[in-house]
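A.B. asks: Okay, so here is protein.csv, and as you'll see once you scroll down, it has CSV, C-alpha atoms and all ligand atoms.
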chain,number,residue,atom,x,y,z
A,941,MET,CA,-14.8,26.8,-26.8
A,942,ILE,CA,-11.8,27.4,-24.6
A,943,ARG,CA,-11.4,24.8,-21.9
A,944,LEU,CA,-9.4,25.8,-18.9
A,945,LEU,CA,-6.1,23.9,-18.6
A,946,ARG,CA,-7.1,22.5,-15.2
A,947,GLU,CA,-10.0,20.7,-16.9
A,948,ILE,CA,-7.7,18.8,-19.1
A,949,PRO,CA,-5.7,16.3,-17.0
A,950,GLU,CA,-3.3,15.4,-19.8
A,951,ALA,CA,-2.3,19.0,-20.2
A,952,ARG,CA,-1.2,19.4,-16.6
A,953,ALA,CA,2.5,19.5,-15.8
A,954,VAL,CA,3.4,16.3,-14.1
A,955,PRO,CA,6.1,16.8,-11.5
A,956,ARG,CA,9.1,14.5,-12.1
A,957,ARG,CA,10.5,13.5,-8.7
A,958,GLY,CA,7.4,12.1,-7.3
A,959,LEU,CA,6.2,8.5,-7.8
A,960,ILE,CA,2.5,8.9,-6.9
A,961,HIS,CA,0.6,12.2,-7.5
A,962,LEU,CA,-2.9,13.0,-6.3
A,963,TYR,CA,-4.6,16.0,-7.6
A,964,GLY,CA,-7.9,17.2,-6.1
A,965,VAL,CA,-8.9,13.6,-5.2
A,966,ARG,CA,-12.4,13.2,-4.0
A,967,LYS,CA,-14.1,10.0,-3.1
A,968,VAL,CA,-17.9,9.7,-2.5
A,969,TYR,CA,-19.1,6.3,-1.7
A,970,PRO,CA,-22.3,5.5,-3.5
A,971,GLY,CA,-25.4,4.5,-1.6
A,972,ARG,CA,-25.4,6.8,1.4
A,973,GLY,CA,-23.2,9.3,-0.4
A,974,VAL,CA,-20.5,9.4,2.3
A,975,VAL,CA,-17.8,11.8,1.3
A,976,ALA,CA,-14.6,10.0,2.4
A,977,LEU,CA,-12.0,12.3,0.7
A,978,ARG,CA,-12.7,16.0,-0.1
A,979,GLY,CA,-10.0,17.1,-2.4
A,980,VAL,CA,-6.6,15.6,-1.6
A,981,ASP,CA,-3.4,16.9,-3.2
A,982,LEU,CA,-0.4,14.9,-2.4
A,983,THR,CA,2.9,13.7,-3.9
A,984,VAL,CA,4.6,10.6,-2.6
A,985,GLY,CA,8.3,10.6,-3.6
A,986,GLN,CA,10.2,7.6,-5.0
A,987,GLY,CA,11.5,5.7,-2.0
A,988,GLU,CA,9.7,7.7,0.6
A,989,PHE,CA,8.3,6.4,3.8
A,990,VAL,CA,5.0,8.2,4.6
A,991,ALA,CA,2.8,7.6,7.6
A,992,VAL,CA,-0.9,8.5,7.3
A,993,VAL,CA,-2.6,9.3,10.6
A,994,GLY,CA,-6.0,10.6,11.6
A,995,PRO,CA,-9.0,9.6,13.6
A,996,SER,CA,-11.1,6.6,12.6
A,997,GLY,CA,-13.2,7.6,9.6
A,998,SER,CA,-10.9,10.4,8.4
A,999,GLY,CA,-10.2,8.7,5.1
A,1000,LYS,CA,-6.9,6.8,5.6
A,1001,SER,CA,-8.1,3.5,4.1
A,1002,THR,CA,-9.8,5.2,1.3
A,1003,LEU,CA,-6.6,7.1,0.5
A,1004,LEU,CA,-4.6,3.9,0.4
A,1005,HIS,CA,-7.1,2.1,-1.7
A,1006,LEU,CA,-7.1,4.9,-4.3
A,1007,MET,CA,-3.3,5.1,-4.3
A,1008,GLY,CA,-3.1,1.4,-4.8
A,1009,ALA,CA,-5.7,1.3,-7.6
A,1010,LEU,CA,-8.1,-0.9,-5.6
A,1011,ASP,CA,-10.7,1.7,-6.3
A,1012,ARG,CA,-11.1,4.8,-8.5
A,1013,PRO,CA,-11.6,8.4,-7.3
A,1014,THR,CA,-15.0,10.0,-7.8
A,1015,SER,CA,-13.2,13.0,-9.2
A,1016,GLY,CA,-9.6,14.3,-9.3
A,1017,ASP,CA,-6.6,12.5,-10.8
A,1018,ILE,CA,-4.0,10.0,-9.6
A,1019,TYR,CA,-0.7,9.6,-11.6
A,1020,PHE,CA,1.7,6.8,-11.1
A,1021,ARG,CA,5.2,7.5,-12.5
A,1022,GLY,CA,3.5,10.2,-14.6
A,1023,VAL,CA,0.8,7.9,-16.0
A,1024,SER,CA,-2.8,8.7,-15.2
A,1025,LEU,CA,-4.6,5.8,-13.6
A,1026,ARG,CA,-7.6,7.0,-15.7
A,1027,SER,CA,-5.8,5.6,-18.7
A,1028,VAL,CA,-5.2,2.2,-17.1
A,1029,ALA,CA,-8.1,-0.1,-18.2
A,1030,ASN,CA,-7.0,-3.1,-16.2
A,1031,LEU,CA,-6.4,-2.0,-12.7
A,1032,ALA,CA,-5.9,-5.6,-11.5
A,1033,ALA,CA,-2.9,-6.1,-13.8
A,1034,PHE,CA,-1.5,-2.7,-12.9
A,1035,ARG,CA,-1.7,-3.6,-9.2
A,1036,LEU,CA,0.0,-6.9,-9.6
A,1037,ARG,CA,3.2,-5.3,-10.9
A,1038,THR,CA,3.1,-2.1,-8.9
A,1039,VAL,CA,1.8,-2.4,-5.4
A,1040,GLY,CA,1.9,-4.8,-2.5
A,1041,PHE,CA,-0.8,-4.5,0.1
A,1042,VAL,CA,-0.6,-5.3,3.8
A,1043,PHE,CA,-3.9,-5.1,5.7
A,1044,GLN,CA,-4.7,-5.1,9.4
A,1045,SER,CA,-5.7,-8.7,9.2
A,1046,HIS,CA,-3.3,-10.9,7.3
A,1047,HIS,CA,-5.9,-12.4,5.0
A,1048,LEU,CA,-3.9,-15.5,4.5
A,1049,LEU,CA,-5.8,-18.4,3.0
A,1050,PRO,CA,-6.2,-21.0,5.8
A,1051,VAL,CA,-6.0,-24.0,3.5
A,1052,LEU,CA,-2.6,-23.0,2.0
A,1053,THR,CA,0.8,-23.2,3.7
A,1054,ALA,CA,2.8,-20.0,4.4
A,1055,ALA,CA,4.8,-20.7,1.2
A,1056,GLU,CA,1.7,-21.4,-0.9
A,1057,ASN,CA,0.2,-18.1,0.3
A,1058,VAL,CA,3.2,-16.2,-0.8
A,1059,GLU,CA,3.0,-17.9,-4.2
A,1060,VAL,CA,-0.6,-16.8,-4.9
A,1061,PRO,CA,0.3,-13.4,-6.5
A,1062,LEU,CA,2.9,-15.2,-8.6
A,1063,ILE,CA,0.3,-17.7,-10.0
A,1064,ALA,CA,-1.6,-14.7,-11.2
A,1065,ARG,CA,1.4,-13.6,-13.2
A,1066,GLY,CA,2.0,-17.0,-14.7
A,1067,VAL,CA,5.3,-17.7,-13.0
A,1068,SER,CA,6.4,-21.4,-13.2
A,1069,ARG,CA,5.9,-23.6,-10.2
A,1070,ARG,CA,9.6,-24.1,-9.6
A,1071,GLN,CA,10.3,-20.3,-9.7
A,1072,ARG,CA,7.4,-19.7,-7.4
A,1073,ARG,CA,8.7,-22.1,-4.8
A,1074,LYS,CA,12.1,-20.5,-5.0
A,1075,ARG,CA,10.8,-17.0,-4.7
A,1076,ALA,CA,8.4,-17.9,-1.8
A,1077,GLN,CA,11.3,-19.5,0.1
A,1078,GLU,CA,13.5,-16.4,-0.4
A,1079,LEU,CA,10.8,-14.1,0.7
A,1080,LEU,CA,10.0,-16.1,3.8
A,1081,ALA,CA,13.7,-16.1,4.7
A,1082,ARG,CA,13.6,-12.4,4.2
A,1083,VAL,CA,10.9,-11.9,6.8
A,1084,GLY,CA,12.6,-14.4,9.2
A,1085,LEU,CA,10.2,-17.3,8.6
A,1086,ALA,CA,12.1,-19.8,6.4
A,1087,HIS,CA,11.4,-22.4,9.1
A,1088,ARG,CA,7.7,-21.8,8.9
A,1089,ALA,CA,7.3,-22.3,5.1
A,1090,ARG,CA,5.2,-25.5,5.4
A,1091,HIS,CA,3.1,-24.3,8.3
A,1092,TYR,CA,-0.6,-23.4,7.8
A,1093,PRO,CA,-1.8,-20.0,9.0
A,1094,GLY,CA,-3.6,-21.6,11.9
A,1095,GLU,CA,-0.2,-22.8,13.2
A,1096,LEU,CA,1.3,-19.3,13.1
A,1097,SER,CA,1.2,-16.5,15.6
A,1098,GLY,CA,-0.4,-13.2,14.7
A,1099,GLY,CA,3.0,-11.5,14.1
A,1100,GLU,CA,4.2,-14.5,12.0
A,1101,SER,CA,1.1,-14.4,9.9
A,1102,GLN,CA,1.5,-10.7,9.3
A,1103,ARG,CA,5.1,-11.3,8.3
A,1104,VAL,CA,3.9,-13.9,5.8
A,1105,ALA,CA,1.5,-11.3,4.5
A,1106,VAL,CA,4.4,-8.9,4.0
A,1107,ALA,CA,6.3,-11.6,2.1
A,1108,ARG,CA,3.2,-12.2,-0.1
A,1109,ALA,CA,3.0,-8.4,-0.7
A,1110,LEU,CA,6.6,-8.6,-2.0
A,1111,ALA,CA,6.0,-11.6,-4.2
A,1112,ASN,CA,6.0,-9.6,-7.5
A,1113,ASP,CA,8.7,-7.2,-6.3
A,1114,PRO,CA,6.4,-4.1,-6.4
A,1115,PRO,CA,8.1,-0.6,-6.0
A,1116,VAL,CA,5.3,0.4,-3.6
A,1117,ILE,CA,4.1,-1.2,-0.4
A,1118,LEU,CA,0.8,0.1,1.1
A,1119,ALA,CA,0.0,-1.0,4.6
A,1120,ASP,CA,-3.3,-0.3,6.3
A,1121,GLU,CA,-3.0,-0.6,10.1
A,1122,PRO,CA,-0.4,-3.4,9.7
A,1123,THR,CA,0.2,-3.6,13.4
A,1124,GLY,CA,-3.4,-2.9,14.5
A,1125,GLU,CA,-4.1,-6.4,15.8
A,1126,LEU,CA,-0.6,-7.1,17.3
A,1127,ASP,CA,0.8,-6.6,20.8
A,1128,SER,CA,3.6,-4.1,21.0
A,1129,ALA,CA,6.5,-6.6,20.8
A,1130,THR,CA,5.1,-8.4,17.8
A,1131,ALA,CA,4.2,-5.0,16.2
A,1132,ALA,CA,7.8,-4.0,16.5
A,1133,GLU,CA,8.9,-7.1,14.6
A,1134,VAL,CA,6.5,-6.4,11.8
A,1135,MET,CA,7.6,-2.7,11.8
A,1136,GLU,CA,11.2,-3.8,11.5
A,1137,VAL,CA,10.4,-5.8,8.4
A,1138,LEU,CA,8.6,-2.9,6.9
A,1139,ALA,CA,11.3,-0.4,7.8
A,1140,GLY,CA,13.8,-2.8,6.1
A,1141,LEU,CA,11.8,-2.5,2.8
A,1142,HIS,CA,12.1,1.3,3.0
A,1143,VAL,CA,15.9,1.0,3.6
A,1144,GLU,CA,16.2,-1.1,0.4
A,1145,GLY,CA,14.5,1.7,-1.6
A,1146,ARG,CA,10.9,0.7,-1.7
A,1147,THR,CA,8.2,3.4,-1.3
A,1148,LEU,CA,6.2,2.8,1.8
A,1149,VAL,CA,2.9,4.3,2.8
A,1150,VAL,CA,1.4,3.2,6.1
A,1151,ALA,CA,-1.9,4.2,7.6
A,1152,THR,CA,-1.5,3.7,11.3
A,1153,HIS,CA,-2.3,4.7,14.9
A,1154,ASN,CA,0.9,3.2,16.2
A,1155,PRO,CA,3.3,6.0,17.5
A,1156,GLU,CA,6.4,3.9,16.8
A,1157,VAL,CA,5.4,3.4,13.2
A,1158,VAL,CA,4.7,7.1,12.9
A,1159,ALA,CA,8.1,7.9,14.5
A,1160,ALA,CA,9.9,5.8,11.9
A,1161,ALA,CA,8.3,7.6,8.9
A,1162,GLU,CA,10.0,10.5,7.0
A,1163,ARG,CA,6.8,12.4,6.6
A,1164,VAL,CA,3.5,12.3,8.4
A,1165,ILE,CA,0.2,13.1,6.6
A,1166,VAL,CA,-2.5,14.0,9.1
A,1167,LEU,CA,-6.0,13.5,7.7
A,1168,ARG,CA,-9.1,15.0,9.2
A,1169,ASP,CA,-12.6,14.6,7.8
A,1170,GLY,CA,-11.4,13.7,4.3
A,1171,ARG,CA,-8.8,16.4,4.0
A,1172,ILE,CA,-5.1,16.8,4.7
A,1173,ALA,CA,-5.1,18.8,8.0
A,1174,ALA,CA,-1.3,18.9,8.4
A,1175,ILE,CA,1.9,17.5,6.9
A,1176,ARG,CA,4.9,17.0,9.2
A,1177,MET,CA,8.5,16.3,8.0
A,1178,GLN,CA,10.5,14.3,10.4
A,1179,GLU,CA,14.1,15.3,10.2
A,1180,GLY,CA,16.7,12.6,10.3
A,1181,ARG,CA,14.4,9.8,9.4
A,1182,GLY,CA,14.6,7.3,6.6
A,1201,LIG,P1,-10.2,5.5,8.1
A,1201,LIG,O1,-9.4,4.5,7.4
A,1201,LIG,O2,-9.5,6.8,8.4
A,1201,LIG,O3,-10.9,4.9,9.3
A,1201,LIG,P2,-12.1,5.2,5.8
A,1201,LIG,O4,-11.3,5.6,4.6
A,1201,LIG,O5,-12.2,3.8,6.1
A,1201,LIG,O6,-11.4,6.0,7.1
A,1201,LIG,O7,-13.5,5.8,5.8
A,1201,LIG,C1,-13.8,7.2,5.5
A,1201,LIG,C2,-15.3,7.4,5.5
A,1201,LIG,O8,-15.8,6.7,4.4
A,1201,LIG,C3,-16.0,6.9,6.8
A,1201,LIG,O9,-17.1,7.8,7.0
A,1201,LIG,C4,-16.5,5.5,6.4
A,1201,LIG,O10,-17.6,5.2,7.1
A,1201,LIG,C5,-16.8,5.7,4.9
A,1201,LIG,N1,-16.6,4.5,4.1
A,1201,LIG,C6,-15.5,3.8,4.0
A,1201,LIG,N2,-15.7,2.7,3.1
A,1201,LIG,C7,-16.9,2.8,2.7
A,1201,LIG,C8,-17.7,2.0,1.8
A,1201,LIG,N3,-17.2,1.0,1.2
A,1201,LIG,N4,-19.0,2.4,1.6
A,1201,LIG,C9,-19.5,3.5,2.2
A,1201,LIG,N5,-18.8,4.3,3.1
A,1201,LIG,C10,-17.5,3.9,3.3
Could you show the structure in this file as structure tokens?
C.D. replies:
Amino acid sequence: MIRLLREIPEARAVPRRGLIHLYGVRKVYPGRGVVALRGVDLTVGQGEFVAVVGPSGSGKSTLLHLMGALDRPTSGDIYFRGVSLRSVANLAAFRLRTVGFVFQSHHLLPVLTAAENVEVPLIARGVSRRQRRKRAQELLARVGLAHRARHYPGELSGGESQRVAVARALANDPPVILADEPTGELDSATAAEVMEVLAGLHVEGRTLVVATHNPEVVAAAERVIVLRDGRIAAIRMQEGRG
């Protein structure tokens, strides 16, 4: 029997310049059968800064979760550097070395200091205690919080906590940072501080995909993906960015 080429993911030509490729990605949540993504084709380039916008419920978080291998698509394919995520058995190990996540809430562990929170992903990779401490200190300095290393999340402002979360996302030096409404709970001045840190990551060559409603974050991106009802409704290039 002849199978159509498009039915054989391995047989597809994989473009070279992109870092993450999505082909016909659909996501149906089990249970109520909500169709969150209805066939998304998208390439995110190496070092690109992409903003994902769209009304609440349009599929932004789902898209980020799938790109970051937090979840698997119902159908369609996702490739990371030409490797199909279908072939990755241990998604947790894959995530540890590939993506850093920043969420709307910082999700810091309240019983750990800022530095210890940044160390958590390093523990998972078996990094020695001494190396962990050094790395956490460097990363906190990087986000302007060296002086807060021994503070607990309850002693930090919202913006500081979010910057610690960015430092934690960077712990394993991932090539990609995925941020889901990273400024959603912050006032505009604090949001600008977090945005500056994120924009700095892009400048140093990291790939950045940010789901956001914040017009300033959108304005800083090189490309804007507009989602509507689980589909890409528009893609805007923003000249002179990046
Ligand atoms: P956005 O980030 O744009 O607000 P989401 O990706 O969170 O959109 O949600 C897309 C759709 O999928 C919505 O209709 C939402 O209710 C639904 N959804 C999201 N997560 C789940 C889940 N875990 N179980 C069931 N439905 C979900």
A.B. asks: Can you pull out every residue within 6 Å of range 1048-1057 of chain A, counting only C-alpha atoms, but drop anything in the same chain fewer than 3 positions away, and send it as a PDB file with C-alpha atoms, keeping the file's coordinate frame?
C.D. replies:
ATOM      1  CA  VAL A1060      -0.600 -16.800  -4.900  1.00  0.00           C
ATOM      2  CA  ALA A1076       8.400 -17.900  -1.800  1.00  0.00           C
ATOM      3  CA  ALA A1089       7.300 -22.300   5.100  1.00  0.00           C
ATOM      4  CA  ARG A1090       5.200 -25.500   5.400  1.00  0.00           C
ATOM      5  CA  HIS A1091       3.100 -24.300   8.300  1.00  0.00           C
ATOM      6  CA  TYR A1092      -0.600 -23.400   7.800  1.00  0.00           C
ATOM      7  CA  PRO A1093      -1.800 -20.000   9.000  1.00  0.00           C
TER       8      PRO A1093
END
A.B. asks: At a cut-off of 8 Å, using only C-alpha atoms, what residues contact range 1010-1019 of chain A? Leave out same-chain residues fewer than 3 positions from it and give the result as an NGL selection string.
C.D. replies: :A and (949 or 959-968 or 979 or 1005-1007 or 1022-1026 or 1031-1032 or 1035)
A.B. asks: Write a file of the just-selected residues containing C-alpha atoms, as a compact mmCIF listing (two decimals), in the frame of the given file.
C.D. replies:
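Writing done, so here's result36.txt:
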# COMPACT_ATOMS: atom_id res chain seq x y z
CA PRO A 949 -5.70 16.30 -17.00
CA LEU A 959 6.20 8.50 -7.80
CA ILE A 960 2.50 8.90 -6.90
CA HIS A 961 0.60 12.20 -7.50
CA LEU A 962 -2.90 13.00 -6.30
CA TYR A 963 -4.60 16.00 -7.60
CA GLY A 964 -7.90 17.20 -6.10
CA VAL A 965 -8.90 13.60 -5.20
CA ARG A 966 -12.40 13.20 -4.00
CA LYS A 967 -14.10 10.00 -3.10
CA VAL A 968 -17.90 9.70 -2.50
CA GLY A 979 -10.00 17.10 -2.40
CA HIS A 1005 -7.10 2.10 -1.70
CA LEU A 1006 -7.10 4.90 -4.30
CA MET A 1007 -3.30 5.10 -4.30
CA GLY A 1022 3.50 10.20 -14.60
CA VAL A 1023 0.80 7.90 -16.00
CA SER A 1024 -2.80 8.70 -15.20
CA LEU A 1025 -4.60 5.80 -13.60
CA ARG A 1026 -7.60 7.00 -15.70
CA LEU A 1031 -6.40 -2.00 -12.70
CA ALA A 1032 -5.90 -5.60 -11.50
CA ARG A 1035 -1.70 -3.60 -9.20
A.B. asks: Given the choices A:Glu1179, A:Glu1136, A:Glu1162, A:Asp1120, which gets closest to ligand LIG 1201 (chain A) if the distance is worked out from only C-alpha atoms and all ligand atoms?
C.D. replies: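 The closest residue to ligand LIG 1201 (chain A) is A:Asp1120.
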A.B. asks: Using all atoms listed in the file, determine which residues fall within 6 Å of ligand LIG 1201 (chain A), then list them as a ChimeraX atom specification.
C.D. replies: /A:969,974,976,995-1002
A.B. asks: Just checking: using only C-alpha atoms, which residue out of A:Val1166, A:Val993, A:Val1158, A:Val1042 ends up closest to Leu1118 in chain A?
C.D. replies: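 When distances to Leu1118 in chain A are compared using only C-alpha atoms, the smallest one comes from A:Val1042.
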A.B. asks: For Phe989 in chain A, which of A:Arg1176, A:Arg1146, A:Arg1073, A:Arg1103 is the closest residue, counting all atoms listed in the file?
C.D. replies: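 Comparing A:Arg1176, A:Arg1146, A:Arg1073, A:Arg1103 against Phe989 in chain A, the winner is A:Arg1146.
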A.B. asks: Between CA of Thr1123 in chain A and CA of His1153 in chain A, what distance in Å does the model show, to one decimal?
C.D. replies: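 Calculated distance between CA of Thr1123 in chain A and CA of His1153 in chain A is 8.8 Å.
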A.B. asks: Show me, as JSON, numbers by chain, the residues that have an atom within 6 Å of Ala991 in chain A when counting only C-alpha atoms, minus same-chain residues fewer than 2 positions from it.
C.D. replies: {"A": [1149, 1150, 1151, 1158, 1161, 1164]}
A.B. asks: Taking all atoms listed in the file into account, name the residue in A:His1047, A:Arg1088, A:Arg957, A:Arg978 that is nearest to Arg1171 in chain A.
C.D. replies: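 Going through A:His1047, A:Arg1088, A:Arg957, A:Arg978 one by one, the smallest distance to Arg1171 in chain A is for A:Arg978.
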A.B. asks: Between CA of Thr1147 in chain A and CA of Val1116 in chain A, what distance in Å does the model show, to one decimal?
C.D. replies: 4.8 Å
A.B. asks: Would you mind telling me which residue in A:Ile1172, A:Ala1159, A:Leu1079, A:Ala1029 lies nearest to Val1137 in chain A when using all atoms listed in the file?
C.D. replies: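 Comparing A:Ile1172, A:Ala1159, A:Leu1079, A:Ala1029 against Val1137 in chain A, the winner is A:Leu1079.
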